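Q: There's a structure below that I have some questions on.
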Amino acid sequence: MALIELLQYSPTYFYITLTVVGLLVGSFLNVVILRLPVMMERQWKLECLEALHPDKVPSEMEPYNLIKPDSTCPHCGHKIRAWENIPVLSYLFLKGRCSSCKATISVRYPIVEIISALLTVAVGTFFGATLQTVLLCFMVWALLALTVIDLDTQLLPDSITLPLLWLGLLANSFGLLIPLQDAVLGAAAGYLSLWSVYWIFKLLTGKEGMGYGDFKLLAALGAWLGWQMLPLIILLSSLVGTIVAVALIILKKQERSQPVPFGPYLAAAGFIALFWGETLVQSYLQIMGL
């Protein structure tokens, strides 16, 4: 209780706490982003082996999860020590290089940590020292992880999207953000809208325009923000996605036939809808005279 009161009545402690928590979570998200796709691939291969060649399934496998093995330099295998794993600060102190082999460390690690901290502070700024802030932080952290994973692998793991969906419904079952009815309708409408687009596009062209992970992500956003925000999210994500795709094609950074991950644009639209959705919708209605 004393901690809650301190955070409520001391903006300095509140924002320091949000920043530190955001940086630490960002550091953990880097692990999730790197390892979760590998864990999924290992599991798929194991399942295939069990189905096709059960006699060749190894009796024991080296553990590979979010905890084990310990983090190491991908170039020389140097074990990352605790002082080398402090968010942002370690990267600056090491000048972006491994302390052992001096190989370059990707700048993406501190970028993810900083974005995580900024999103965490943004949620706290909009919603204050409340339970909504705690729950919405989990939402924005999940969206950040999904964004980078999708950019890397064009995968939106069920192990993130489905808990995100259920957490949104659970939070709104207590009316923390929106009425439960709006959340349930949002989840259903979010999934079915992109599912319908997927099948219409496939029937017309014979190609798959998007993955099932996109359906689940939009369903999760609908569960958190309600069905009313879905048109805005779809419009914003489609607009930004089209602009970026055309720009990449013009700059010859991407082939016309190369698939574009849609998850990052859905996530970005979700961020915008969370913070400014009501304002944008009301402004649009006023412009239209409705």
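In the structure tokens, chains take letters A, B, ... by order of appearance, with residues numbered from 1 within each chain and ligands from 1 in the order shown.
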Tell me which protein, DNA and RNA residues are within 7 Å of region 180-185 of chain A, counting only C-alpha atoms, leaving out same-chain ones fewer than 2 positions away, and put them as a ChimeraX atom specification.

A: /A:169,172-173,175,178,187-189,222-227

Q: As a PyMOL selection string, please: every residue in region 37-260 of chain A that a backbone DSSP assignment puts in helix (DSSP H, G or I).

A: chain A and resi 37-52+54-56+82-85+89-93+108-127+131-153+158-173+180-205+212-225+227-250

Q: I'd like to know which of A:Leu18, A:Ala82, A:Leu164, A:Val38 is closest to Leu119 (chain A), using only C-alpha atoms.

A: A:Leu18

Q: Which residues come within 10 Å of region 140-148 of chain A, counting only C-alpha atoms, excluding same-chain residues fewer than 3 positions away, as a JSON list (two decimals) with N, CA and C atoms, in the first residue's frame?

A:
[["chain", "number", "residue", "atom", "x", "y", "z"],
["A", 22, "GLY", "N", 10.52, -0.72, -17.66],
["A", 22, "GLY", "CA", 10.48, -0.81, -19.12],
["A", 22, "GLY", "C", 11.80, -1.27, -19.71],
["A", 25, "VAL", "N", 12.29, -5.04, -18.79],
["A", 25, "VAL", "CA", 11.42, -5.88, -19.62],
["A", 25, "VAL", "C", 11.94, -5.90, -21.06],
["A", 26, "GLY", "N", 12.40, -4.75, -21.54],
["A", 26, "GLY", "CA", 12.96, -4.70, -22.89],
["A", 26, "GLY", "C", 14.14, -5.65, -23.06],
["A", 28, "PHE", "N", 14.53, -8.43, -21.40],
["A", 28, "PHE", "CA", 13.94, -9.77, -21.47],
["A", 28, "PHE", "C", 13.29, -10.01, -22.83],
["A", 29, "LEU", "N", 12.66, -8.98, -23.39],
["A", 29, "LEU", "CA", 12.03, -9.13, -24.70],
["A", 29, "LEU", "C", 13.06, -9.47, -25.77],
["A", 30, "ASN", "N", 14.27, -8.94, -25.63],
["A", 30, "ASN", "CA", 15.33, -9.29, -26.58],
["A", 30, "ASN", "C", 15.58, -10.79, -26.58],
["A", 31, "VAL", "N", 15.53, -11.40, -25.40],
["A", 31, "VAL", "CA", 15.70, -12.85, -25.29],
["A", 31, "VAL", "C", 14.54, -13.57, -25.97],
["A", 32, "VAL", "N", 13.32, -13.10, -25.69],
["A", 32, "VAL", "CA", 12.12, -13.71, -26.29],
["A", 32, "VAL", "C", 12.18, -13.61, -27.81],
["A", 33, "ILE", "N", 12.53, -12.45, -28.31],
["A", 33, "ILE", "CA", 12.58, -12.21, -29.76],
["A", 33, "ILE", "C", 13.60, -13.14, -30.43],
["A", 34, "LEU", "N", 14.72, -13.35, -29.78],
["A", 34, "LEU", "CA", 15.79, -14.17, -30.35],
["A", 34, "LEU", "C", 15.49, -15.66, -30.23],
["A", 108, "ARG", "N", 20.22, -3.21, -32.25],
["A", 108, "ARG", "CA", 18.81, -3.47, -32.01],
["A", 108, "ARG", "C", 18.52, -3.75, -30.53],
["A", 112, "VAL", "N", 15.42, -1.85, -28.73],
["A", 112, "VAL", "CA", 14.24, -2.53, -28.18],
["A", 112, "VAL", "C", 14.04, -2.14, -26.72],
["A", 115, "ILE", "N", 12.69, 1.48, -26.63],
["A", 115, "ILE", "CA", 11.29, 1.53, -27.06],
["A", 115, "ILE", "C", 10.38, 0.96, -25.98],
["A", 116, "SER", "N", 10.81, -0.13, -25.36],
["A", 116, "SER", "CA", 10.04, -0.72, -24.27],
["A", 116, "SER", "C", 9.85, 0.28, -23.14],
["A", 117, "ALA", "N", 10.92, 0.99, -22.78],
["A", 117, "ALA", "CA", 10.82, 1.99, -21.71],
["A", 117, "ALA", "C", 9.90, 3.13, -22.11],
["A", 119, "LEU", "N", 7.39, 3.12, -24.28],
["A", 119, "LEU", "CA", 6.00, 2.66, -24.30],
["A", 119, "LEU", "C", 5.45, 2.51, -22.88],
["A", 120, "THR", "N", 6.30, 2.01, -21.97],
["A", 120, "THR", "CA", 5.88, 1.85, -20.58],
["A", 120, "THR", "C", 5.57, 3.20, -19.95],
["A", 123, "VAL", "N", 2.26, 4.60, -21.38],
["A", 123, "VAL", "CA", 1.09, 4.00, -20.75],
["A", 123, "VAL", "C", 0.85, 4.62, -19.38],
["A", 135, "LEU", "N", -1.82, -3.67, -16.50],
["A", 135, "LEU", "CA", -2.30, -4.61, -17.52],
["A", 135, "LEU", "C", -1.93, -4.15, -18.92],
["A", 136, "LEU", "N", -2.07, -2.84, -19.18],
["A", 136, "LEU", "CA", -1.76, -2.34, -20.52],
["A", 136, "LEU", "C", -0.27, -2.41, -20.83],
["A", 137, "CYS", "N", 0.56, -2.37, -19.80],
["A", 137, "CYS", "CA", 2.00, -2.57, -20.03],
["A", 137, "CYS", "C", 2.27, -3.96, -20.62],
["A", 151, "LEU", "N", 8.90, -9.12, -38.03],
["A", 151, "LEU", "CA", 9.87, -8.53, -38.97],
["A", 151, "LEU", "C", 11.00, -9.49, -39.27],
["A", 152, "ASP", "N", 11.42, -10.26, -38.27],
["A", 152, "ASP", "CA", 12.53, -11.19, -38.45],
["A", 152, "ASP", "C", 12.13, -12.45, -39.20],
["A", 153, "THR", "N", 10.98, -13.01, -38.83],
["A", 153, "THR", "CA", 10.63, -14.36, -39.27],
["A", 153, "THR", "C", 9.29, -14.50, -39.98],
["A", 154, "GLN", "N", 8.49, -13.41, -40.01],
["A", 154, "GLN", "CA", 7.12, -13.46, -40.52],
["A", 154, "GLN", "C", 6.28, -14.48, -39.75],
["A", 155, "LEU", "N", 6.54, -14.55, -38.45],
["A", 155, "LEU", "CA", 5.76, -15.40, -37.55],
["A", 155, "LEU", "C", 5.16, -14.54, -36.44],
["A", 156, "LEU", "N", 3.94, -14.88, -36.04],
["A", 156, "LEU", "CA", 3.30, -14.27, -34.87],
["A", 156, "LEU", "C", 2.95, -15.42, -33.93],
["A", 157, "PRO", "N", 3.82, -15.75, -33.00],
["A", 157, "PRO", "CA", 3.65, -16.97, -32.20],
["A", 157, "PRO", "C", 2.36, -16.99, -31.39],
["A", 160, "ILE", "N", 2.26, -16.01, -27.72],
["A", 160, "ILE", "CA", 2.11, -14.61, -27.31],
["A", 160, "ILE", "C", 0.72, -14.09, -27.66],
["A", 161, "THR", "N", 0.27, -14.35, -28.90],
["A", 161, "THR", "CA", -1.01, -13.77, -29.33],
["A", 161, "THR", "C", -2.20, -14.31, -28.53],
["A", 163, "PRO", "N", -2.33, -15.76, -25.31],
["A", 163, "PRO", "CA", -2.42, -15.19, -23.96],
["A", 163, "PRO", "C", -2.80, -13.71, -23.97],
["A", 164, "LEU", "N", -2.33, -12.97, -24.99],
["A", 164, "LEU", "CA", -2.69, -11.56, -25.11],
["A", 164, "LEU", "C", -4.20, -11.41, -25.30],
["A", 213, "GLY", "N", -1.77, -15.82, -37.93],
["A", 213, "GLY", "CA", -1.32, -15.03, -36.80],
["A", 213, "GLY", "C", -1.87, -13.61, -36.84],
["A", 217, "LEU", "N", -3.92, -11.72, -33.89],
["A", 217, "LEU", "CA", -3.44, -10.45, -33.34],
["A", 217, "LEU", "C", -4.55, -9.40, -33.36],
["A", 221, "LEU", "N", -6.33, -7.41, -30.23],
["A", 221, "LEU", "CA", -6.53, -5.96, -30.15],
["A", 221, "LEU", "C", -8.01, -5.62, -29.93],
["A", 261, "PRO", "N", 5.41, -8.60, -43.86],
["A", 261, "PRO", "CA", 4.76, -8.91, -42.57],
["A", 261, "PRO", "C", 3.76, -7.82, -42.19],
["A", 262, "PHE", "N", 2.53, -8.24, -41.87],
["A", 262, "PHE", "CA", 1.47, -7.29, -41.56],
["A", 262, "PHE", "C", 1.37, -7.02, -40.05],
["A", 263, "GLY", "N", 1.92, -7.94, -39.25],
["A", 263, "GLY", "CA", 1.84, -7.81, -37.80],
["A", 263, "GLY", "C", 2.36, -6.49, -37.24],
["A", 264, "PRO", "N", 3.52, -6.00, -37.71],
["A", 264, "PRO", "CA", 4.04, -4.73, -37.19],
["A", 264, "PRO", "C", 3.09, -3.56, -37.42],
["A", 265, "TYR", "N", 2.38, -3.56, -38.56],
["A", 265, "TYR", "CA", 1.46, -2.47, -38.84],
["A", 265, "TYR", "C", 0.20, -2.57, -37.99],
["A", 266, "LEU", "N", -0.25, -3.79, -37.73],
["A", 266, "LEU", "CA", -1.37, -3.98, -36.80],
["A", 266, "LEU", "C", -0.98, -3.51, -35.40],
["A", 267, "ALA", "N", 0.23, -3.88, -34.99],
["A", 267, "ALA", "CA", 0.69, -3.48, -33.65],
["A", 267, "ALA", "C", 0.81, -1.97, -33.55],
["A", 268, "ALA", "N", 1.39, -1.33, -34.58],
["A", 268, "ALA", "CA", 1.53, 0.13, -34.57],
["A", 268, "ALA", "C", 0.17, 0.81, -34.52],
["A", 270, "GLY", "N", -2.46, -0.51, -33.26],
["A", 270, "GLY", "CA", -2.97, -0.77, -31.92],
["A", 270, "GLY", "C", -2.44, 0.22, -30.91],
["A", 271, "PHE", "N", -1.15, 0.56, -31.02],
["A", 271, "PHE", "CA", -0.56, 1.58, -30.13],
["A", 271, "PHE", "C", -1.30, 2.92, -30.31],
["A", 274, "LEU", "N", -4.78, 2.82, -28.89],
["A", 274, "LEU", "CA", -4.77, 2.81, -27.43],
["A", 274, "LEU", "C", -4.63, 4.23, -26.88]]

Q: Skipping near chain neighbours, those fewer than 4 positions away, what residues fall within 10 Å of Cys101 (chain A) using only C-alpha atoms, listed as JSON, numbers by chain?

A: {"A": [73, 75, 76, 77, 78, 97]}

Q: Mind pulling up the distance from CA of Glu84 (chain A) to CA of Cys98 (chain A)?

A: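 A separation of 9.0 Å between them.
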
Q: Could you find all residues in region 21-152 of chain A that DSSP calls strand (DSSP E or B) from the backbone, and write them as number ranges by chain?

A: A: 72, 79, 97, 104

Q: Could you dump the residues just selected with all heavy atoms as a PDB file, in the first residue's frame?

A:
ATOM      1  N   THR A  72      25.263 -15.927 -24.538  1.00  0.00           N
ATOM      2  CA  THR A  72      26.676 -15.898 -24.938  1.00  0.00           C
ATOM      3  C   THR A  72      26.840 -15.046 -26.191  1.00  0.00           C
ATOM      4  O   THR A  72      25.868 -14.772 -26.910  1.00  0.00           O
ATOM      5  CB  THR A  72      27.205 -17.318 -25.238  1.00  0.00           C
ATOM      6  OG1 THR A  72      26.400 -17.900 -26.278  1.00  0.00           O
ATOM      7  CG2 THR A  72      27.149 -18.206 -23.994  1.00  0.00           C
ATOM      8  N   LYS A  79      30.523 -16.078 -22.386  1.00  0.00           N
ATOM      9  CA  LYS A  79      29.345 -16.010 -21.537  1.00  0.00           C
ATOM     10  C   LYS A  79      29.118 -14.567 -21.070  1.00  0.00           C
ATOM     11  O   LYS A  79      30.022 -13.937 -20.533  1.00  0.00           O
ATOM     12  CB  LYS A  79      29.502 -16.937 -20.329  1.00  0.00           C
ATOM     13  CG  LYS A  79      28.274 -16.984 -19.437  1.00  0.00           C
ATOM     14  CD  LYS A  79      28.464 -17.967 -18.291  1.00  0.00           C
ATOM     15  CE  LYS A  79      27.256 -17.966 -17.375  1.00  0.00           C
ATOM     16  NZ  LYS A  79      27.434 -18.924 -16.243  1.00  0.00           N
ATOM     17  N   ARG A  97      30.466  -3.463 -28.461  1.00  0.00           N
ATOM     18  CA  ARG A  97      31.317  -4.584 -28.862  1.00  0.00           C
ATOM     19  C   ARG A  97      31.423  -5.616 -27.747  1.00  0.00           C
ATOM     20  O   ARG A  97      31.296  -5.274 -26.572  1.00  0.00           O
ATOM     21  CB  ARG A  97      32.720  -4.098 -29.253  1.00  0.00           C
ATOM     22  CG  ARG A  97      32.710  -3.198 -30.476  1.00  0.00           C
ATOM     23  CD  ARG A  97      34.114  -2.857 -30.946  1.00  0.00           C
ATOM     24  NE  ARG A  97      34.082  -2.054 -32.167  1.00  0.00           N
ATOM     25  CZ  ARG A  97      33.956  -2.553 -33.390  1.00  0.00           C
ATOM     26  NH1 ARG A  97      33.858  -3.859 -33.552  1.00  0.00           N
ATOM     27  NH2 ARG A  97      33.928  -1.761 -34.442  1.00  0.00           N
ATOM     28  N   THR A 104      31.061  -6.765 -33.149  1.00  0.00           N
ATOM     29  CA  THR A 104      30.006  -5.769 -33.007  1.00  0.00           C
ATOM     30  C   THR A 104      28.731  -6.396 -32.436  1.00  0.00           C
ATOM     31  O   THR A 104      28.303  -7.467 -32.871  1.00  0.00           O
ATOM     32  CB  THR A 104      29.684  -5.121 -34.359  1.00  0.00           C
ATOM     33  OG1 THR A 104      30.874  -4.513 -34.883  1.00  0.00           O
ATOM     34  CG2 THR A 104      28.602  -4.064 -34.212  1.00  0.00           C
TER      35      THR A 104
END

Q: May I ask for the distance between CA of Ser71 (chain A) and CA of Glu41 (chain A), given in Å to one decimal place?

A: 19.0 Å

Q: Have a look at A:Ile200, A:Ile86, A:Val57, A:Ala129 and name the one nearest to Tyr13 (chain A); count only C-alpha atoms.

A: A:Ala129

Q: What is the CA of Gly209 (chain A)-CA of Leu162 (chain A) distance in Å, reported with one decimal?

A: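 Distance reported for this atom pair: 21.3 Å.
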
Q: Measuring between only C-alpha atoms, which one of A:Ile16, A:Leu23, A:Ala269, A:Leu177 shows the shortest distance to Leu131 (chain A)?

A: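 Selected residue with least distance to Leu131 (chain A): A:Leu177.
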